[in-house]
Amino acid sequence: LVDFRAEKPNWCPGCGDFTVLAALQKAAVNLGLEPENMVTVSGVGCSGKISQYMGGYGFHSLHGRSLPVATAVKTANKDLTVVAAGGDGDGYGIGMGHFLHAVRRNVDITYIVMDNHIYGLTTGQTSPTTDKGMKTKTSPTGATEEPVHPLQMAIMAGAGFVAQGFSGNLKQLTELIEKGMQHKGFSLINVYSPCVTFNKVNTYDFYKEHLVNVDEDASYDRTDRFAAIKKIEETNENLVGVIYENTDRLAFHEAISTFPEVPIAKNDLQISREDWNKVAAQFK
Ligand code: SF4
């Protein structure tokens with residue numbers, strides 16, 4: 001486990017993101033991954049720091065751009081385990097277009113969204129998943145917009161693995177991340193990860209009281225797309241577990257018949273050292 005620990009986090013004490021980091025580290029160890037075979041790509045926000053804290057390779061990208069970077073990494077070297085991570089503002093606001101296109105392409109990436117219903121790093125503004133009516137710095141009389149619905153959107157766009165976890169349950173979250181990493185294709189793990197500093201509504205106590213665990217319901221059919229949507233709506237999105245699973249679709253790199261068997265990243269450079277030095281000199 002020590003190989004997957006990089007910098008010491010400086011999140012606020014009690015922030016849900018600590019559990020997400022611990023779950024990701026445990027999942028990597030449980031799956032026998034070596035740090036050099038894993039890349040964590042993050043966007044911008046408190047949660048974006050996870051690429052610095054997670055051992056292995058990391059790439060702290062631009063706001064909302066973790067998925068295009070993660071797509072490039074996976075396309076250049078399909079042998080890597082690639083995780084993209086960020087917050088609800090990052091992924092479902094400025095990054096929403098990339099989210100839907102990554103789902104539809106079915107790139108073999110595990111996307112972990114630390115969803116705290118608020119912008120934490122910029123000190124408490126309304127985010128795309130803020131509940132309607134909630135008072136924040138930018139909605140002092142209550143948010144007027146409808147929140148986005150990432151679970152339903154991912155299922156309707158064709159995601160093959162959609163799960164939701166909670167930072168109050170490390171064991172289940174670790175299992176969900178492991179399953180997401182093992183899924184061949186795009187997997188979304190939305191995590192209710194409380195911002196203890198700026199969101200006093202969606203707290204640990206709130207989730208403990210309201211969350212329904214579909215993993216404990218033997219009658220729940222997670223392969224039924226319409227049943228999954230119905231369950232999400234019935235619970236008002238307050239559910240955890242594997243919500244939808246479909247293993248029929250080929251991942252992006254499997255679906256392209258001409259996709260190189262040897263990853264581009266492992267090809268020898270067809271350029272002499274002398275010529276390479278000339279090219280590199282132009283960028284000095
Ligand atoms: Fe976590 Fe909120 Fe603090 Fe950011 S501001 S580190 S999201 S508790």
# chains A, B, ... in the order shown; residues from 1 in each chain; ligands from 1

$ closest_atom_pairs --of "segment 24-112 of chain A" --to "segment 243-256 of chain A" --cutoff "6 Å" --atoms "only C-alpha atoms" --output "tab-separated table"
residue	atom	partner	partner_atom	distance
A:Arg105	CA	A:Phe252	CA	5.9
A:Asn106	CA	A:Ala251	CA	5.2
A:Val107	CA	A:Phe252	CA	4.8
A:Asp108	CA	A:Ala251	CA	5.8

$ residues_around --residues "Ala22 of chain A" --least-positions-apart "4" --cutoff "8 Å" --atoms "only C-alpha atoms" --output "list in words"
Phe18, Lys26 and Leu170 of chain A

$ write_last_selection --atoms "C-alpha atoms" --output "PDB file, in the first residue's frame"
ATOM      1  CA  PHE A  18      -9.902  11.232   2.148  1.00  0.00           C
ATOM      2  CA  LYS A  26      -6.851  -0.120  -1.512  1.00  0.00           C
ATOM      3  CA  LEU A 170     -14.897   2.726   2.738  1.00  0.00           C
TER       4      LEU A 170
END

$ select_by_dssp --residues "segment 84-136 of chain A" --states "alpha helix (DSSP H)" --output "short mmCIF file (atom, residue, chain, number, x, y, z; two decimals) with N, CA and C atoms, in the first residue's frame"
data_model
loop_
_atom_site.label_atom_id
_atom_site.label_comp_id
_atom_site.auth_asym_id
_atom_site.auth_seq_id
_atom_site.Cartn_x
_atom_site.Cartn_y
_atom_site.Cartn_z
N ASP A 88 -17.88 17.32 -8.91
CA ASP A 88 -19.12 17.51 -9.68
C ASP A 88 -19.05 18.81 -10.50
N GLY A 89 -18.43 19.84 -9.97
CA GLY A 89 -18.30 21.08 -10.73
C GLY A 89 -17.42 20.87 -11.94
N MET A 96 -18.82 18.58 -18.82
CA MET A 96 -19.98 17.75 -19.17
C MET A 96 -19.90 17.17 -20.60
N GLY A 97 -19.46 18.00 -21.55
CA GLY A 97 -19.37 17.51 -22.94
C GLY A 97 -18.41 16.33 -23.03
N HIS A 98 -17.27 16.46 -22.37
CA HIS A 98 -16.29 15.37 -22.40
C HIS A 98 -16.84 14.12 -21.74
N PHE A 99 -17.61 14.33 -20.68
CA PHE A 99 -18.20 13.19 -19.96
C PHE A 99 -19.08 12.36 -20.90
N LEU A 100 -20.00 13.01 -21.56
CA LEU A 100 -20.93 12.27 -22.43
C LEU A 100 -20.21 11.60 -23.60
N HIS A 101 -19.20 12.27 -24.14
CA HIS A 101 -18.50 11.68 -25.28
C HIS A 101 -17.59 10.52 -24.86
N ALA A 102 -17.02 10.61 -23.67
CA ALA A 102 -16.21 9.48 -23.18
C ALA A 102 -17.10 8.27 -22.93
N VAL A 103 -18.30 8.51 -22.40
CA VAL A 103 -19.26 7.41 -22.18
C VAL A 103 -19.62 6.77 -23.51
N ARG A 104 -19.96 7.60 -24.48
CA ARG A 104 -20.44 7.07 -25.76
C ARG A 104 -19.33 6.35 -26.51
N ARG A 105 -18.08 6.80 -26.34
CA ARG A 105 -16.96 6.10 -26.99
C ARG A 105 -16.61 4.81 -26.27
#

$ closest_residue --among "A:Thr81, A:Ser139, A:Asn10, A:Gln282" --to "Leu31 of chain A" --atoms "only C-alpha atoms"
A:Thr81

$ residues_near_ligand --ligand "ligand 1" --cutoff "7 Å" --atoms "only C-alpha atoms and all ligand atoms" --output "list of chain:residue names"
A:Trp11, A:Cys12, A:Gly14, A:Cys15, A:Gly16, A:Asp17, A:Cys46, A:Ser47, A:Asn116, A:Gly120, A:Leu121, A:Thr123, A:Pro194, A:Cys195, A:Val196, A:Thr197, A:Phe198

$ residues_around --residues "segment 36-44 of chain A" --least-positions-apart "4" --cutoff "9 Å" --atoms "only C-alpha atoms" --output "PyMOL selection string"
chain A and resi 28+48-52+54-67+69-70+73+79-87+89-91+95+121

$ write_last_selection --atoms "N, CA and C atoms" --output "mmCIF file, in the first residue's frame"
data_model
loop_
_atom_site.group_PDB
_atom_site.id
_atom_site.type_symbol
_atom_site.label_atom_id
_atom_site.label_comp_id
_atom_site.auth_asym_id
_atom_site.auth_seq_id
_atom_site.Cartn_x
_atom_site.Cartn_y
_atom_site.Cartn_z
ATOM 1 N N ALA A 28 -6.423 -0.527 -5.824
ATOM 2 C CA ALA A 28 -5.237 -0.785 -6.652
ATOM 3 C C ALA A 28 -4.420 -1.934 -6.067
ATOM 4 N N GLY A 48 -9.388 17.470 -7.324
ATOM 5 C CA GLY A 48 -8.361 17.354 -8.357
ATOM 6 C C GLY A 48 -6.979 17.057 -7.797
ATOM 7 N N LYS A 49 -6.809 17.319 -6.494
ATOM 8 C CA LYS A 49 -5.497 17.065 -5.891
ATOM 9 C C LYS A 49 -5.198 15.574 -5.769
ATOM 10 N N ILE A 50 -6.198 14.749 -6.028
ATOM 11 C CA ILE A 50 -6.020 13.308 -5.813
ATOM 12 C C ILE A 50 -4.901 12.737 -6.685
ATOM 13 N N SER A 51 -4.651 13.344 -7.855
ATOM 14 C CA SER A 51 -3.584 12.812 -8.718
ATOM 15 C C SER A 51 -2.204 13.063 -8.109
ATOM 16 N N GLN A 52 -2.107 14.053 -7.219
ATOM 17 C CA GLN A 52 -0.834 14.296 -6.529
ATOM 18 C C GLN A 52 -0.672 13.358 -5.341
ATOM 19 N N MET A 54 -2.148 10.299 -4.948
ATOM 20 C CA MET A 54 -2.171 8.893 -5.311
ATOM 21 C C MET A 54 -0.810 8.495 -5.868
ATOM 22 N N GLY A 55 -0.262 7.399 -5.379
ATOM 23 C CA GLY A 55 1.005 6.926 -5.929
ATOM 24 C C GLY A 55 0.825 6.444 -7.353
ATOM 25 N N GLY A 56 1.908 6.140 -8.039
ATOM 26 C CA GLY A 56 1.834 5.799 -9.455
ATOM 27 C C GLY A 56 1.945 7.069 -10.270
ATOM 28 N N TYR A 57 1.686 6.955 -11.557
ATOM 29 C CA TYR A 57 1.765 8.153 -12.395
ATOM 30 C C TYR A 57 0.510 9.003 -12.209
ATOM 31 N N GLY A 58 0.686 10.315 -12.270
ATOM 32 C CA GLY A 58 -0.448 11.217 -12.127
ATOM 33 C C GLY A 58 -0.349 12.367 -13.114
ATOM 34 N N PHE A 59 -1.487 12.906 -13.472
ATOM 35 C CA PHE A 59 -1.531 14.060 -14.385
ATOM 36 C C PHE A 59 -2.635 14.973 -13.882
ATOM 37 N N HIS A 60 -2.248 16.146 -13.358
ATOM 38 C CA HIS A 60 -3.230 17.118 -12.874
ATOM 39 C C HIS A 60 -3.552 18.026 -14.059
ATOM 40 N N SER A 61 -4.681 17.778 -14.703
ATOM 41 C CA SER A 61 -4.965 18.451 -15.982
ATOM 42 C C SER A 61 -5.712 19.766 -15.755
ATOM 43 N N LEU A 62 -6.387 20.244 -16.799
ATOM 44 C CA LEU A 62 -7.123 21.500 -16.707
ATOM 45 C C LEU A 62 -8.540 21.270 -16.180
ATOM 46 N N HIS A 63 -9.223 22.372 -15.893
ATOM 47 C CA HIS A 63 -10.576 22.277 -15.352
ATOM 48 C C HIS A 63 -11.512 21.574 -16.338
ATOM 49 N N GLY A 64 -12.108 20.478 -15.908
ATOM 50 C CA GLY A 64 -13.062 19.754 -16.755
ATOM 51 C C GLY A 64 -12.427 18.905 -17.834
ATOM 52 N N ARG A 65 -11.101 18.807 -17.856
ATOM 53 C CA ARG A 65 -10.426 18.138 -18.981
ATOM 54 C C ARG A 65 -9.769 16.818 -18.589
ATOM 55 N N SER A 66 -10.136 16.248 -17.476
ATOM 56 C CA SER A 66 -9.484 14.986 -17.101
ATOM 57 C C SER A 66 -9.791 13.875 -18.106
ATOM 58 N N LEU A 67 -11.010 13.842 -18.634
ATOM 59 C CA LEU A 67 -11.383 12.726 -19.511
ATOM 60 C C LEU A 67 -10.670 12.747 -20.868
ATOM 61 N N VAL A 69 -7.713 13.899 -21.435
ATOM 62 C CA VAL A 69 -6.327 13.503 -21.154
ATOM 63 C C VAL A 69 -6.264 12.002 -20.857
ATOM 64 N N ALA A 70 -7.213 11.538 -20.051
ATOM 65 C CA ALA A 70 -7.244 10.096 -19.728
ATOM 66 C C ALA A 70 -7.479 9.266 -20.987
ATOM 67 N N VAL A 73 -4.198 9.016 -22.794
ATOM 68 C CA VAL A 73 -3.279 8.089 -22.112
ATOM 69 C C VAL A 73 -3.648 6.641 -22.438
ATOM 70 N N ASP A 79 -2.392 -0.839 -22.232
ATOM 71 C CA ASP A 79 -2.023 -1.763 -21.157
ATOM 72 C C ASP A 79 -2.067 -1.112 -19.780
ATOM 73 N N LEU A 80 -2.189 0.200 -19.730
ATOM 74 C CA LEU A 80 -2.244 0.899 -18.445
ATOM 75 C C LEU A 80 -3.653 0.854 -17.848
ATOM 76 N N THR A 81 -3.717 0.866 -16.535
ATOM 77 C CA THR A 81 -5.002 1.080 -15.855
ATOM 78 C C THR A 81 -5.153 2.585 -15.672
ATOM 79 N N VAL A 82 -6.207 3.137 -16.249
ATOM 80 C CA VAL A 82 -6.357 4.597 -16.245
ATOM 81 C C VAL A 82 -7.596 4.995 -15.433
ATOM 82 N N VAL A 83 -7.368 5.873 -14.477
ATOM 83 C CA VAL A 83 -8.442 6.409 -13.648
ATOM 84 C C VAL A 83 -8.513 7.917 -13.887
ATOM 85 N N ALA A 84 -9.706 8.417 -14.142
ATOM 86 C CA ALA A 84 -9.914 9.864 -14.194
ATOM 87 C C ALA A 84 -10.702 10.234 -12.937
ATOM 88 N N ALA A 85 -10.402 11.394 -12.362
ATOM 89 C CA ALA A 85 -11.075 11.756 -11.116
ATOM 90 C C ALA A 85 -11.255 13.268 -11.031
ATOM 91 N N GLY A 86 -12.314 13.671 -10.353
ATOM 92 C CA GLY A 86 -12.568 15.096 -10.168
ATOM 93 C C GLY A 86 -13.834 15.292 -9.373
ATOM 94 N N GLY A 87 -14.332 16.510 -9.393
ATOM 95 C CA GLY A 87 -15.538 16.814 -8.636
ATOM 96 C C GLY A 87 -16.738 17.012 -9.542
ATOM 97 N N GLY A 89 -18.427 19.842 -9.965
ATOM 98 C CA GLY A 89 -18.301 21.078 -10.729
ATOM 99 C C GLY A 89 -17.415 20.874 -11.941
ATOM 100 N N ASP A 90 -16.322 20.196 -11.733
ATOM 101 C CA ASP A 90 -15.340 19.925 -12.790
ATOM 102 C C ASP A 90 -15.928 19.015 -13.876
ATOM 103 N N GLY A 91 -16.533 17.923 -13.448
ATOM 104 C CA GLY A 91 -16.962 16.902 -14.410
ATOM 105 C C GLY A 91 -18.324 17.129 -15.029
ATOM 106 N N GLY A 95 -16.868 20.187 -17.707
ATOM 107 C CA GLY A 95 -16.458 18.923 -18.341
ATOM 108 C C GLY A 95 -17.595 18.069 -18.866
ATOM 109 N N LEU A 121 -13.369 24.288 -3.530
ATOM 110 C CA LEU A 121 -12.091 25.013 -3.623
ATOM 111 C C LEU A 121 -12.294 26.516 -3.712
#

$ atom_distance --atom1 "atom CA of Met134 of chain A" --atom2 "atom CA of Thr19 of chain A"
25.2 Å

$ closest_residue --among "A:Tyr53, A:Phe166, A:Phe259, A:Tyr192" --to "Ile118 of chain A" --atoms "only C-alpha atoms"
A:Tyr192

$ closest_atom_pairs --of "segment 109-225 of chain A" --to "segment 229-239 of chain A" --cutoff "8 Å" --atoms "only C-alpha atoms" --output "JSON lines"
{"residue": "A:Leu151", "atom": "CA", "partner": "A:Ile232", "partner_atom": "CA", "distance": 7.8}
{"residue": "A:Gln152", "atom": "CA", "partner": "A:Ile229", "partner_atom": "CA", "distance": 6.1}
{"residue": "A:Ile155", "atom": "CA", "partner": "A:Ile229", "partner_atom": "CA", "distance": 7.9}
{"residue": "A:Gln164", "atom": "CA", "partner": "A:Leu239", "partner_atom": "CA", "distance": 7.0}
{"residue": "A:Tyr207", "atom": "CA", "partner": "A:Asn238", "partner_atom": "CA", "distance": 7.5}
{"residue": "A:His210", "atom": "CA", "partner": "A:Asn238", "partner_atom": "CA", "distance": 6.2}
{"residue": "A:Leu211", "atom": "CA", "partner": "A:Asn238", "partner_atom": "CA", "distance": 4.8}
{"residue": "A:Val212", "atom": "CA", "partner": "A:Leu239", "partner_atom": "CA", "distance": 4.5}
{"residue": "A:Asn213", "atom": "CA", "partner": "A:Leu239", "partner_atom": "CA", "distance": 5.7}
{"residue": "A:Val214", "atom": "CA", "partner": "A:Leu239", "partner_atom": "CA", "distance": 6.8}
{"residue": "A:Arg225", "atom": "CA", "partner": "A:Ile229", "partner_atom": "CA", "distance": 6.4}

$ atom_distance --atom1 "atom CA of Ala23 of chain A" --atom2 "atom CA of Ala76 of chain A"
26.6 Å

$ closest_residue --among "A:Pro260, A:Gly93, A:Pro150, A:Gly241" --to "Asn169 of chain A" --atoms "only C-alpha atoms"
A:Gly241
